[in-house]
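File shown: coords-v9.cif (mmCIF, C-alpha atoms).
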data_work
loop_
_atom_site.label_atom_id
_atom_site.label_comp_id
_atom_site.auth_asym_id
_atom_site.auth_seq_id
_atom_site.Cartn_x
_atom_site.Cartn_y
_atom_site.Cartn_z
CA MET D 1 4.94 -183.93 110.82
CA GLU D 2 6.97 -181.20 109.12
CA ARG D 3 9.71 -179.64 111.16
CA ILE D 4 12.21 -176.90 110.57
CA PRO D 5 15.70 -178.27 111.18
CA ILE D 6 17.81 -176.65 113.90
CA LEU D 7 21.52 -176.97 113.23
CA ARG D 8 24.08 -176.71 116.00
CA MET D 9 27.23 -174.76 115.17
CA GLY D 10 29.44 -174.68 118.25
CA GLU D 11 27.87 -172.33 120.72
CA PHE D 12 25.26 -171.16 118.24
CA LEU D 13 22.11 -172.57 116.73
CA LEU D 14 21.28 -172.01 113.07
CA VAL D 15 17.68 -172.09 111.90
CA THR D 16 17.03 -171.73 108.19
CA ILE D 17 13.44 -171.20 107.21
CA GLN D 18 13.10 -172.36 103.63
CA ILE D 19 9.40 -172.99 103.30
CA ASP D 20 6.41 -170.78 103.79
CA MET D 21 5.57 -170.72 107.47
CA HIS D 22 2.18 -171.71 108.67
CA ASP D 23 1.03 -171.19 112.21
CA GLN D 24 1.47 -174.73 113.53
CA LEU D 25 4.97 -174.92 112.06
CA ALA D 26 5.87 -171.67 113.82
CA LEU D 27 4.65 -172.99 117.18
CA THR D 28 6.58 -176.24 116.70
CA LEU D 29 9.70 -174.22 115.90
CA GLN D 30 9.32 -172.17 119.08
CA ASP D 31 9.02 -175.37 121.05
CA ASP D 32 11.99 -177.09 119.40
CA LEU D 33 14.20 -174.05 119.57
CA THR D 34 13.71 -173.32 123.26
CA ARG D 35 14.37 -176.98 124.00
CA SER D 36 17.57 -176.97 121.90
CA ILE D 37 18.87 -173.84 123.62
CA GLU D 38 18.30 -175.41 126.97
CA LYS D 39 19.83 -178.74 125.95
CA ASN D 40 22.96 -177.36 124.26
CA GLY D 41 23.42 -174.34 126.47
CA SER D 42 23.60 -172.23 123.31
CA LYS D 43 24.63 -168.60 123.58
CA GLY D 44 23.30 -167.43 120.23
CA VAL D 45 20.53 -168.19 117.74
CA LEU D 46 20.71 -167.27 114.08
CA ILE D 47 17.43 -167.29 112.18
CA ASP D 48 17.89 -167.11 108.42
CA ILE D 49 14.70 -165.97 106.70
CA SER D 50 16.18 -165.09 103.31
CA ALA D 51 13.92 -167.63 101.61
CA LEU D 52 10.81 -166.34 103.32
CA GLU D 53 8.80 -164.31 100.85
CA MET D 54 5.57 -163.79 102.73
CA VAL D 55 4.81 -162.90 106.32
CA ASP D 56 1.71 -162.13 108.29
CA SER D 57 1.36 -160.55 111.69
CA PHE D 58 1.46 -163.95 113.39
CA ILE D 59 4.84 -164.88 111.91
CA GLY D 60 6.11 -161.39 112.69
CA ARG D 61 5.09 -161.75 116.30
CA MET D 62 6.55 -165.25 116.42
CA ILE D 63 9.96 -163.89 115.42
CA SER D 64 9.97 -161.34 118.21
CA ASP D 65 8.59 -163.96 120.64
CA ILE D 66 11.40 -166.39 119.82
CA SER D 67 13.90 -163.61 120.37
CA ALA D 68 12.39 -162.74 123.75
CA MET D 69 12.29 -166.40 124.82
CA ALA D 70 15.92 -166.89 123.80
CA ARG D 71 16.91 -163.80 125.76
CA ILE D 72 15.32 -165.24 128.88
CA LEU D 73 17.33 -168.42 128.27
CA ASP D 74 20.47 -166.23 127.96
CA ALA D 75 20.95 -166.57 124.21
CA LYS D 76 21.20 -163.73 121.70
CA THR D 77 19.04 -163.88 118.57
CA VAL D 78 19.96 -162.47 115.19
CA VAL D 79 17.49 -162.46 112.32
CA VAL D 80 19.31 -162.41 108.98
CA GLY D 81 18.51 -162.00 105.30
CA MET D 82 15.09 -160.40 105.49
CA GLN D 83 13.73 -159.65 102.02
CA PRO D 84 12.75 -156.02 101.23
CA ALA D 85 9.11 -156.98 100.65
CA VAL D 86 8.99 -158.76 104.01
CA ALA D 87 10.55 -155.77 105.78
CA ILE D 88 8.04 -153.39 104.22
CA THR D 89 5.15 -155.66 105.17
CA LEU D 90 6.27 -155.89 108.78
CA VAL D 91 6.65 -152.11 109.01
CA GLU D 92 3.19 -151.59 107.51
CA LEU D 93 1.81 -154.07 110.02
CA GLY D 94 3.36 -151.96 112.75
CA LEU D 95 5.79 -154.67 113.85
CA SER D 96 9.20 -153.08 114.22
CA LEU D 97 10.67 -156.10 116.09
CA ALA D 98 12.25 -153.81 118.67
CA GLY D 99 14.99 -155.57 120.56
CA VAL D 100 15.65 -158.11 117.82
CA ALA D 101 19.11 -157.86 116.27
CA THR D 102 19.27 -158.09 112.49
CA ALA D 103 21.96 -158.61 109.86
CA LEU D 104 22.10 -158.66 106.09
CA ASN D 105 23.34 -162.24 105.68
CA VAL D 106 24.42 -165.29 107.63
CA GLY D 107 28.10 -164.28 107.59
CA LEU D 108 27.46 -160.86 109.05
CA GLY D 109 25.00 -162.31 111.54
CA MET D 110 27.60 -164.79 112.73
CA GLN D 111 30.15 -161.98 113.13
CA HIS D 112 27.65 -160.01 115.15
CA LEU D 113 26.96 -162.96 117.48
CA GLN D 114 30.66 -163.68 117.90
CA ARG D 115 31.35 -160.05 118.74
CA THR D 116 28.62 -159.75 121.36
CA LEU D 117 29.71 -163.05 122.87
CA ASN D 118 33.33 -161.89 123.03
CA GLU D 119 32.24 -158.69 124.76
CA LEU D 120 30.34 -160.75 127.31
CA ASN D 121 33.32 -163.03 127.85
CA ASP D 122 35.64 -160.06 128.31
CA ASP D 123 33.39 -158.82 131.08
CA SER D 124 33.01 -162.12 132.89
CA PHE D 125 35.73 -163.48 135.11
CA ILE D 126 35.45 -167.02 133.82
CA LYS D 127 37.37 -167.23 130.55
CA ARG D 128 36.23 -169.90 128.14
CA MET T 1 -24.30 -143.80 40.23
CA ALA T 2 -26.88 -141.88 42.16
CA ALA T 3 -25.59 -140.42 45.36
CA LYS T 4 -27.38 -141.55 48.49
CA THR T 5 -27.25 -138.32 50.42
CA SER T 6 -26.79 -134.75 49.38
CA LEU T 7 -23.57 -134.65 51.40
CA SER T 8 -22.04 -137.50 49.46
CA ALA T 9 -23.35 -135.94 46.23
CA ALA T 10 -21.73 -132.64 47.10
CA LEU T 11 -18.48 -134.38 48.00
CA GLN T 12 -18.50 -136.39 44.78
CA LYS T 13 -19.17 -133.45 42.52
CA ARG T 14 -17.40 -130.56 44.19
CA ARG T 15 -14.59 -132.12 46.24
CA ALA T 16 -11.94 -129.82 44.77
CA ASP T 17 -14.06 -126.73 45.49
CA ILE T 18 -14.71 -127.79 49.06
CA GLN T 19 -11.06 -128.42 49.65
CA ALA T 20 -10.02 -125.07 48.22
CA MET T 21 -12.56 -123.23 50.38
CA TRP T 22 -11.63 -125.29 53.41
CA SER T 23 -7.98 -124.43 52.90
CA ARG T 24 -8.81 -120.72 52.88
CA GLN T 25 -11.03 -121.04 55.95
CA LEU T 26 -8.45 -123.00 57.88
CA THR T 27 -5.56 -120.65 57.09
CA GLU T 28 -7.73 -117.72 58.06
CA ALA T 29 -8.88 -119.32 61.32
CA LEU T 30 -5.43 -120.38 62.38
CA GLY T 31 -3.93 -117.06 61.33
CA GLY T 32 -0.19 -117.04 61.73
CA THR T 33 -0.27 -119.38 64.72
CA GLN T 34 0.71 -122.50 62.83
CA LYS T 35 3.88 -120.84 61.67
CA GLY T 36 6.92 -122.93 62.41
CA ARG T 37 4.91 -125.77 63.84
CA LEU T 38 3.17 -126.82 60.67
CA SER T 39 4.15 -126.03 57.09
CA ALA T 40 1.55 -125.16 54.45
CA GLU T 41 2.50 -128.27 52.49
CA GLU T 42 2.00 -130.48 55.49
CA LEU T 43 -1.38 -128.94 56.18
CA ASN T 44 -2.38 -129.41 52.55
CA GLN T 45 -1.34 -133.01 52.65
CA GLN T 46 -3.34 -133.62 55.83
CA MET T 47 -6.40 -132.01 54.26
CA GLN T 48 -6.02 -134.13 51.15
CA GLN T 49 -5.75 -137.28 53.21
CA PHE T 50 -8.73 -136.35 55.32
CA MET T 51 -10.90 -135.59 52.28
CA GLN T 52 -10.00 -138.99 50.90
CA VAL T 53 -10.96 -141.03 53.99
CA PHE T 54 -13.90 -138.73 54.71
CA SER T 55 -15.41 -139.13 51.22
CA ALA T 56 -14.98 -142.87 51.40
CA ALA T 57 -16.72 -142.99 54.77
CA VAL T 58 -19.56 -140.71 53.63
CA GLU T 59 -20.16 -143.06 50.70
CA SER T 60 -20.93 -145.82 53.18
CA ASP T 61 -24.20 -144.04 54.00
CA ARG T 62 -23.72 -144.31 57.77
CA LEU T 63 -23.85 -140.65 58.71
CA ASP T 64 -25.64 -141.22 62.00
CA ASP T 65 -22.84 -142.91 63.88
CA ILE T 66 -19.08 -142.49 63.55
CA ASN T 67 -18.28 -145.46 65.80
CA VAL T 68 -19.10 -148.04 63.14
CA PRO T 69 -16.34 -149.86 61.23
CA GLU T 70 -17.02 -147.78 58.08
CA TRP T 71 -15.57 -144.77 59.88
CA ALA T 72 -12.54 -146.59 61.27
CA ASP T 73 -10.18 -144.97 58.76
CA VAL T 74 -11.42 -141.48 59.58
CA ARG T 75 -11.15 -142.08 63.30
CA LEU T 76 -7.65 -143.46 62.89
CA PHE T 77 -6.62 -140.47 60.83
CA LEU T 78 -8.03 -138.02 63.39
CA ASP T 79 -6.40 -139.86 66.29
CA ASP T 80 -3.05 -139.65 64.57
CA LEU T 81 -3.57 -135.98 63.64
CA SER T 82 -4.57 -135.03 67.20
CA ARG T 83 -1.62 -136.83 68.71
CA ARG T 84 0.76 -135.06 66.39
CA ARG T 85 -0.84 -131.69 67.10
CA ALA T 86 -0.67 -132.32 70.83
CA LEU T 87 3.01 -133.18 70.66
CA ALA T 88 3.70 -130.15 68.46
CA GLY T 89 2.19 -127.91 71.14
CA PHE T 90 -1.08 -126.90 69.49
CA SER T 91 -3.95 -126.00 71.76
CA SER T 92 -7.16 -128.02 71.74
CA ASP T 93 -9.20 -125.33 69.93
CA GLU T 94 -6.58 -125.01 67.22
CA THR T 95 -6.75 -128.76 66.73
CA ALA T 96 -10.54 -128.83 66.66
CA THR T 97 -10.60 -125.98 64.14
CA PHE T 98 -9.26 -128.46 61.60
CA ILE T 99 -12.68 -130.12 61.53
CA PHE T 100 -14.94 -127.22 62.38
CA SER T 101 -13.58 -125.01 59.60
CA LEU T 102 -14.88 -127.62 57.17
CA LYS T 103 -18.44 -126.72 58.08
CA ARG T 104 -18.76 -123.58 56.04
CA PRO T 105 -17.46 -124.99 52.75
CA VAL T 106 -19.65 -128.06 53.09
CA PHE T 107 -22.74 -125.99 53.89
CA ASP T 108 -22.03 -123.60 51.02
CA VAL T 109 -21.72 -126.39 48.52
CA ILE T 110 -24.83 -128.15 49.79
CA LYS T 111 -26.68 -124.85 49.48
CA GLU T 112 -25.47 -124.27 45.93
CA GLU T 113 -26.34 -127.78 44.87
CA ALA T 114 -29.71 -127.82 46.58
CA SER T 115 -32.99 -127.59 44.77
CA ASN T 116 -35.45 -125.01 45.95
CA ASP T 117 -36.82 -127.24 48.68
CA ALA T 118 -36.05 -125.36 51.91
CA ARG T 119 -37.10 -128.24 54.14
CA GLN T 120 -34.76 -130.63 52.36
CA LEU T 121 -31.90 -128.12 52.59
CA ALA T 122 -32.40 -127.64 56.32
CA ALA T 123 -32.43 -131.40 56.85
CA ASP T 124 -29.26 -131.86 54.80
CA VAL T 125 -27.43 -129.09 56.63
CA TRP T 126 -28.54 -130.50 59.98
CA GLU T 127 -27.26 -133.94 59.03
CA ALA T 128 -23.90 -132.52 57.97
CA THR T 129 -23.54 -130.39 61.08
CA LEU T 130 -24.27 -133.36 63.35
CA LEU T 131 -21.65 -135.42 61.59
CA LEU T 132 -18.99 -132.73 61.68
CA ASP T 133 -19.68 -132.00 65.34
CA LYS T 134 -19.13 -135.64 66.18
CA LEU T 135 -15.88 -135.68 64.26
CA GLY T 136 -14.79 -132.46 65.97
CA LEU T 137 -15.54 -133.88 69.40
CA HIS T 138 -13.68 -137.03 68.53
CA THR T 139 -10.66 -134.90 67.63
CA VAL T 140 -10.77 -133.06 70.93
CA LYS T 141 -11.10 -136.34 72.81
CA ALA T 142 -8.10 -137.80 71.01
CA PHE T 143 -6.16 -134.60 71.65
CA GLN T 144 -6.94 -134.76 75.36
CA LYS T 145 -5.90 -138.39 75.52
CA ALA T 146 -2.60 -137.66 73.82
CA ARG T 147 -1.92 -134.85 76.29
CA GLU T 148 -2.73 -137.07 79.25
CA GLU T 149 -0.34 -139.70 77.95
CA VAL T 150 2.40 -137.09 77.80
CA ILE T 151 1.68 -135.97 81.36
CA ASN T 152 1.63 -139.53 82.67
CA ARG T 153 4.92 -140.32 81.01
CA GLN T 154 6.51 -137.20 82.43
CA GLN T 155 5.24 -138.04 85.91
CA GLN T 156 6.73 -141.51 85.64
CA GLU T 157 10.04 -140.14 84.45
CA LEU T 158 10.10 -137.56 87.23
CA LEU T 159 9.51 -140.31 89.75
CA GLU T 160 12.37 -142.40 88.42
CA LEU T 161 14.71 -139.45 88.08
CA SER T 162 14.19 -138.27 91.61
CA THR T 163 15.14 -141.46 93.42
CA PRO T 164 18.70 -142.46 92.58
CA VAL T 165 20.53 -144.68 95.06
CA VAL T 166 24.26 -144.01 94.92
CA LYS T 167 27.14 -145.96 96.34
CA LEU T 168 29.50 -143.79 98.38
CA TRP T 169 31.87 -146.45 99.59
CA ASP T 170 32.05 -150.20 99.91
CA GLY T 171 29.04 -151.00 102.05
CA ILE T 172 27.77 -147.43 102.24
CA LEU T 173 24.82 -146.28 100.16
CA ALA T 174 23.38 -142.78 99.93
CA LEU T 175 19.94 -141.65 98.86
CA PRO T 176 19.76 -137.95 98.09
CA MET T 177 16.07 -137.06 98.26
CA ILE T 178 14.83 -134.06 96.33
CA GLY T 179 11.33 -132.63 96.32
CA THR T 180 8.24 -133.20 98.37
CA LEU T 181 7.75 -136.66 99.80
CA ASP T 182 4.35 -138.27 99.41
CA SER T 183 3.21 -141.83 100.00
CA ALA T 184 3.72 -143.00 96.43
CA ARG T 185 7.23 -141.58 96.22
CA THR T 186 8.28 -142.86 99.62
CA GLN T 187 7.09 -146.31 98.63
CA ILE T 188 9.27 -146.27 95.52
CA VAL T 189 12.22 -144.76 97.39
CA MET T 190 11.91 -147.37 100.11
CA GLU T 191 11.68 -150.26 97.67
CA SER T 192 14.60 -149.15 95.52
CA LEU T 193 16.79 -148.51 98.56
CA LEU T 194 16.00 -151.87 100.17
CA GLN T 195 16.56 -153.65 96.86
CA LYS T 196 19.92 -151.94 96.46
CA ILE T 197 20.87 -152.91 100.02
CA VAL T 198 20.26 -156.56 99.18
CA GLU T 199 22.14 -156.32 95.88
CA THR T 200 25.23 -154.58 97.26
CA GLU T 201 25.13 -156.06 100.77
CA SER T 202 25.65 -152.59 102.16
CA GLN T 203 25.38 -152.24 105.90
CA ILE T 204 24.88 -148.50 106.10
CA ALA T 205 22.44 -146.28 104.23
CA ILE T 206 22.49 -142.49 104.39
CA ILE T 207 19.23 -140.71 103.56
CA ASP T 208 20.01 -137.12 102.68
CA ILE T 209 17.00 -134.83 102.95
CA THR T 210 18.73 -131.55 102.02
CA GLY T 211 16.45 -131.27 98.99
CA VAL T 212 13.23 -131.90 100.87
CA PRO T 213 11.53 -128.52 101.36
CA THR T 214 9.28 -129.34 104.31
CA VAL T 215 8.83 -132.17 106.72
CA ASP T 216 5.38 -132.72 108.19
CA THR T 217 4.12 -135.55 110.36
CA LEU T 218 3.33 -137.69 107.33
CA VAL T 219 6.77 -137.27 105.81
CA ALA T 220 8.40 -137.97 109.17
CA GLN T 221 6.23 -141.07 109.45
CA HIS T 222 7.44 -142.23 106.03
CA LEU T 223 11.06 -141.63 107.02
CA LEU T 224 10.63 -143.59 110.23
CA LYS T 225 9.06 -146.46 108.29
CA THR T 226 12.01 -146.56 105.92
CA VAL T 227 14.46 -146.53 108.81
CA THR T 228 12.60 -149.37 110.54
CA ALA T 229 12.48 -151.46 107.36
CA LEU T 230 16.22 -150.94 106.90
CA ARG T 231 16.88 -152.02 110.47
CA LEU T 232 14.75 -155.12 109.99
CA MET T 233 16.90 -156.11 107.06
CA GLY T 234 20.04 -155.69 109.13
CA ALA T 235 21.30 -152.36 107.82
CA ASP T 236 21.92 -149.12 109.67
CA CYS T 237 20.45 -145.82 108.63
CA ILE T 238 21.67 -142.26 109.05
CA ILE T 239 19.54 -139.27 108.14
CA SER T 240 21.51 -136.26 107.01
CA GLY T 241 20.86 -132.78 105.70
CA VAL T 242 18.40 -131.80 108.39
CA ARG T 243 18.05 -128.05 108.12
CA PRO T 244 17.48 -125.90 111.24
CA GLN T 245 13.96 -125.07 110.13
CA ILE T 246 13.14 -128.76 109.72
CA ALA T 247 14.69 -129.66 113.08
CA GLN T 248 12.43 -127.06 114.70
CA THR T 249 9.37 -128.33 112.87
CA ILE T 250 10.05 -131.92 113.88
CA VAL T 251 10.34 -131.02 117.54
CA HIS T 252 7.25 -128.78 117.41
CA LEU T 253 5.27 -131.58 115.80
CA GLY T 254 6.33 -133.94 118.55
CA VAL T 255 7.77 -136.52 116.16
CA ASP T 256 10.02 -138.96 117.97
CA LEU T 257 13.28 -139.44 116.09
CA GLN T 258 15.04 -140.87 119.15
CA GLY T 259 16.11 -144.14 117.64
CA VAL T 260 17.38 -142.55 114.46
CA THR T 261 20.86 -141.19 113.93
CA THR T 262 20.70 -137.74 112.38
CA LYS T 263 23.45 -135.49 111.09
CA ALA T 264 23.39 -131.92 109.87
CA ASN T 265 25.12 -132.61 106.57
CA LEU T 266 26.15 -135.44 104.30
CA ALA T 267 29.87 -135.06 105.09
CA ASP T 268 29.27 -135.73 108.79
CA ALA T 269 27.07 -138.68 107.95
CA LEU T 270 29.73 -140.16 105.66
CA ALA T 271 32.40 -139.65 108.32
CA LEU T 272 30.24 -141.51 110.85
CA ALA T 273 29.49 -144.29 108.36
CA LEU T 274 33.19 -144.74 107.61
CA LYS T 275 34.01 -144.80 111.30
CA ARG T 276 31.39 -147.48 111.89
CA SER T 277 32.84 -149.52 109.02
CA GLY T 278 36.25 -149.22 110.65
CA ILE T 279 37.77 -147.14 107.85
CA THR T 280 40.18 -144.36 108.80
CA PHE T 281 41.93 -141.73 106.73
CA SER T 282 45.20 -140.01 107.33
CA LYS T 283 46.79 -137.04 105.62
CA SER T 284 50.03 -137.93 103.92
#
Translate this structure into structure tokens?
Amino acid sequence: MERIPILRMGEFLLVTIQIDMHDQLALTLQDDLTRSIEKNGSKGVLIDISALEMVDSFIGRMISDISAMARILDAKTVVVGMQPAVAITLVELGLSLAGVATALNVGLGMQHLQRTLNELNDDSFIKR
Amino acid sequence: MAAKTSLSAALQKRRADIQAMWSRQLTEALGGTQKGRLSAEELNQQMQQFMQVFSAAVESDRLDDINVPEWADVRLFLDDLSRRRALAGFSSDETATFIFSLKRPVFDVIKEEASNDARQLAADVWEATLLLDKLGLHTVKAFQKAREEVINRQQQELLELSTPVVKLWDGILALPMIGTLDSARTQIVMESLLQKIVETESQIAIIDITGVPTVDTLVAQHLLKTVTALRLMGADCIISGVRPQIAQTIVHLGVDLQGVTTKANLADALALALKRSGITFSKS
């Protein structure tokens, strides 16, 4: 069965979606990702959708679902590299993905995660 | 060779006469209006050319229908003529006069050449008038089409002119919007801005609406959509140039701009954008 690879980069997980998503694939990804967060104790998830050229409402909802699930598991999610056409489609569908952080590319997304993590660490009394 | 119709006979025998009379008629009808837009020589040349293709087409003996291949040359000539008149700023009636002023000379010549058979004369004149009417209508149609093309092109140009995306700083784009916002324009504005964001990897976009005369619920909706799309792509958006009147309208309409950063003018928006990018200035 097809799977979307989940790469571990230190405290973060990197998911690059490079093929057109179909519904089963999206559900499998949700499953795999939540398991990986739990297993690795990841603090951040980066979803790169720069290669995604088409979305429907299901995929849009899946993205915000993944973000909400990750938040419950104490990991921040950043969606990076959304194409203009995809952004317009999501807006027209009425999905504004409220609460999901976004960034222009993987580099900026990584910076964003690092920064939020540092802020969290500064607040906590256990220094990593 | 025996002519097939009295029209073609008249054209064969008295072409020079017809043209001379036509020339007088046309100059009289147009009066001084063609001055500066069309020289007498040019007009003469056009008449000459038309008589040539017209005679050839009349010879073909298909006077009932001008949409057959025999009339292709005439149609082509009239299309070209109408387009040129349209571009030169002639009105549609002035353009149509080119054909309709041919009626009198043609009728006169047919009358002079006719035998004493009144029935035959009436039939001939009727045939000629039908033909010339069709040609006249064709001219008007071509004229209209040429004008519509001009309008369409101008609309397109206006659309492109009014949506420039400018780079203010590294990573800061600005979109000065001018004129009324409708769905079609917002779509283009949105697309060009998002595309530019991807190309330049800019993190902040400033939409300046100083030049937008009014903001209604629809326009506000469009603005919110653009802001949301920008956020989805990972860029921030600041709306600037909100005039007091517009601020009042937005609140009265009950539009929720809570999640959107707004500034009164472009300078403030740029200052905020620079601050967010971590750029500071100091006076030396």
### Task
Select, from T:Asp208, T:Asp268, T:Glu191, T:Glu127, the residue with the minimum atom-to-atom distance to chain D, counting all atoms listed in the file.
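Among the listed residues, the smallest separation from chain D belongs to T:Glu191.
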On this file, the PyMOL selection byres ((chain D) within 8 of (chain T)) gives some set of residues; write that set as an mmCIF file with C-alpha atoms, in the coordinates of the input.
data_model
loop_
_atom_site.group_PDB
_atom_site.id
_atom_site.type_symbol
_atom_site.label_atom_id
_atom_site.label_comp_id
_atom_site.auth_asym_id
_atom_site.auth_seq_id
_atom_site.Cartn_x
_atom_site.Cartn_y
_atom_site.Cartn_z
ATOM 1 C CA VAL D 79 17.490 -162.460 112.320
ATOM 2 C CA VAL D 80 19.310 -162.410 108.980
ATOM 3 C CA GLY D 81 18.510 -162.000 105.300
ATOM 4 C CA MET D 82 15.090 -160.400 105.490
ATOM 5 C CA GLN D 83 13.730 -159.650 102.020
ATOM 6 C CA PRO D 84 12.750 -156.020 101.230
ATOM 7 C CA ALA D 85 9.110 -156.980 100.650
ATOM 8 C CA ALA D 87 10.550 -155.770 105.780
ATOM 9 C CA ILE D 88 8.040 -153.390 104.220
ATOM 10 C CA LEU D 90 6.270 -155.890 108.780
ATOM 11 C CA VAL D 91 6.650 -152.110 109.010
ATOM 12 C CA GLU D 92 3.190 -151.590 107.510
ATOM 13 C CA SER D 96 9.200 -153.080 114.220
ATOM 14 C CA LEU D 97 10.670 -156.100 116.090
ATOM 15 C CA ALA D 101 19.110 -157.860 116.270
ATOM 16 C CA THR D 102 19.270 -158.090 112.490
ATOM 17 C CA ALA D 103 21.960 -158.610 109.860
ATOM 18 C CA LEU D 104 22.100 -158.660 106.090
#
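Within the 7 Å cut-off around stretch 44-61 of chain D, using only C-alpha atoms and omitting residues fewer than 6 positions from it on the same chain, the listed residues are Glu11, Phe12, Leu13, Leu14, Val15, Thr16, Ile17, Gln18, Ile19, Asp20, Ala75, Lys76, Thr77, Val78, Val79, Val80, Gly81, Met82, Gln83, Val86, Leu90, Leu93, Leu95, Val106 and Leu113 of chain D.
Separating atom CA of T:Phe107 from atom CA of T:Val125 is a distance of 6.3 Å.
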### Task
For the structure shown, which residues end up in the PyMOL selection byres ((chain D and resi 74) around 10)? Put them as JSON, numbers by chain, please?
{"D": [37, 38, 41, 42, 43, 44, 68, 69, 70, 71, 72, 73, 75, 76, 77]}
### Task
Step by step, work through what the PyMOL selection byres ((chain T and resi 40-48) around 9) selects in the shown file, and finish by giving those residues as a list in words.
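Matching residues under the PyMOL selection byres ((chain T and resi 40-48) around 9) are Gln19, Trp22, Ser23, Thr27, Gln34, Lys35, Leu38, Ser39, Gln49, Phe50, Met51, Gln52, Val53, Leu81 and Phe98 of chain T.
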### Query
Any idea what the distance is between atom CA of D:Met62 and atom CA of T:Val189?
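Going from atom CA of D:Met62 over to atom CA of T:Val189 covers 28.5 Å.
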### Query
What does the distance between atom CA of T:Ala128 and atom CA of T:Ala86 come to in Å, to one decimal place?
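If I compute the distance from atom CA of T:Ala128 to atom CA of T:Ala86, I get 26.6 Å.
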### Query
Excluding same-chain residues fewer than 6 positions from T:Asp61, what lies within 12 Å of it counting only C-alpha atoms, as a ChimeraX atom specification?
/T:3-9,54-55,68,70-71,127,131
### Task
Please identify all polymer residues within 12 Å of T:Ile110, counting all atoms listed in the file, omitting same-chain residues fewer than 6 positions from it, and present them as an MDAnalysis selection string.
chainID T and resid 5:15 17:18 103:104 116 118 120:129
All residues 10 Å or closer to T:Pro164, all atoms listed in the file, same chain fewer than 4 positions away omitted, as a PDB file with C-alpha atoms, keeping the file's coordinate frame:
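That gives us out.pdb:
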ATOM      1  CA  LEU T 159       9.510-140.310  89.750  1.00  0.00           C
ATOM      2  CA  GLU T 160      12.370-142.400  88.420  1.00  0.00           C
ATOM      3  CA  ALA T 174      23.380-142.780  99.930  1.00  0.00           C
ATOM      4  CA  LEU T 175      19.940-141.650  98.860  1.00  0.00           C
ATOM      5  CA  PRO T 176      19.760-137.950  98.090  1.00  0.00           C
ATOM      6  CA  MET T 177      16.070-137.060  98.260  1.00  0.00           C
ATOM      7  CA  ILE T 178      14.830-134.060  96.330  1.00  0.00           C
ATOM      8  CA  VAL T 189      12.220-144.760  97.390  1.00  0.00           C
ATOM      9  CA  SER T 192      14.600-149.150  95.520  1.00  0.00           C
ATOM     10  CA  LEU T 193      16.790-148.510  98.560  1.00  0.00           C
TER      11      LEU T 193
END
### Message
Please list as a list in words every residue within 10 Å of stretch 180-182 of chain T, counting all atoms listed in the file and excluding residues in the same chain fewer than 5 positions away.
### Response
Gln187, Val189, Ile209, Gly211, Val212, Pro213, Thr214, Val215, Asp216, Leu218, Val219, Ala220, His222 and Leu223 of chain T
Write out as lines of an AutoDock Vina configuration file an axis-aligned box for stretch 73-81 of chain D: all of its atoms listed in the file, 6 Å added on each side, centre and edge lengths in Å with one decimal.
center_x = 19.3
center_y = -165.2
center_z = 116.8
size_x = 15.9
size_y = 18.4
size_z = 35.0
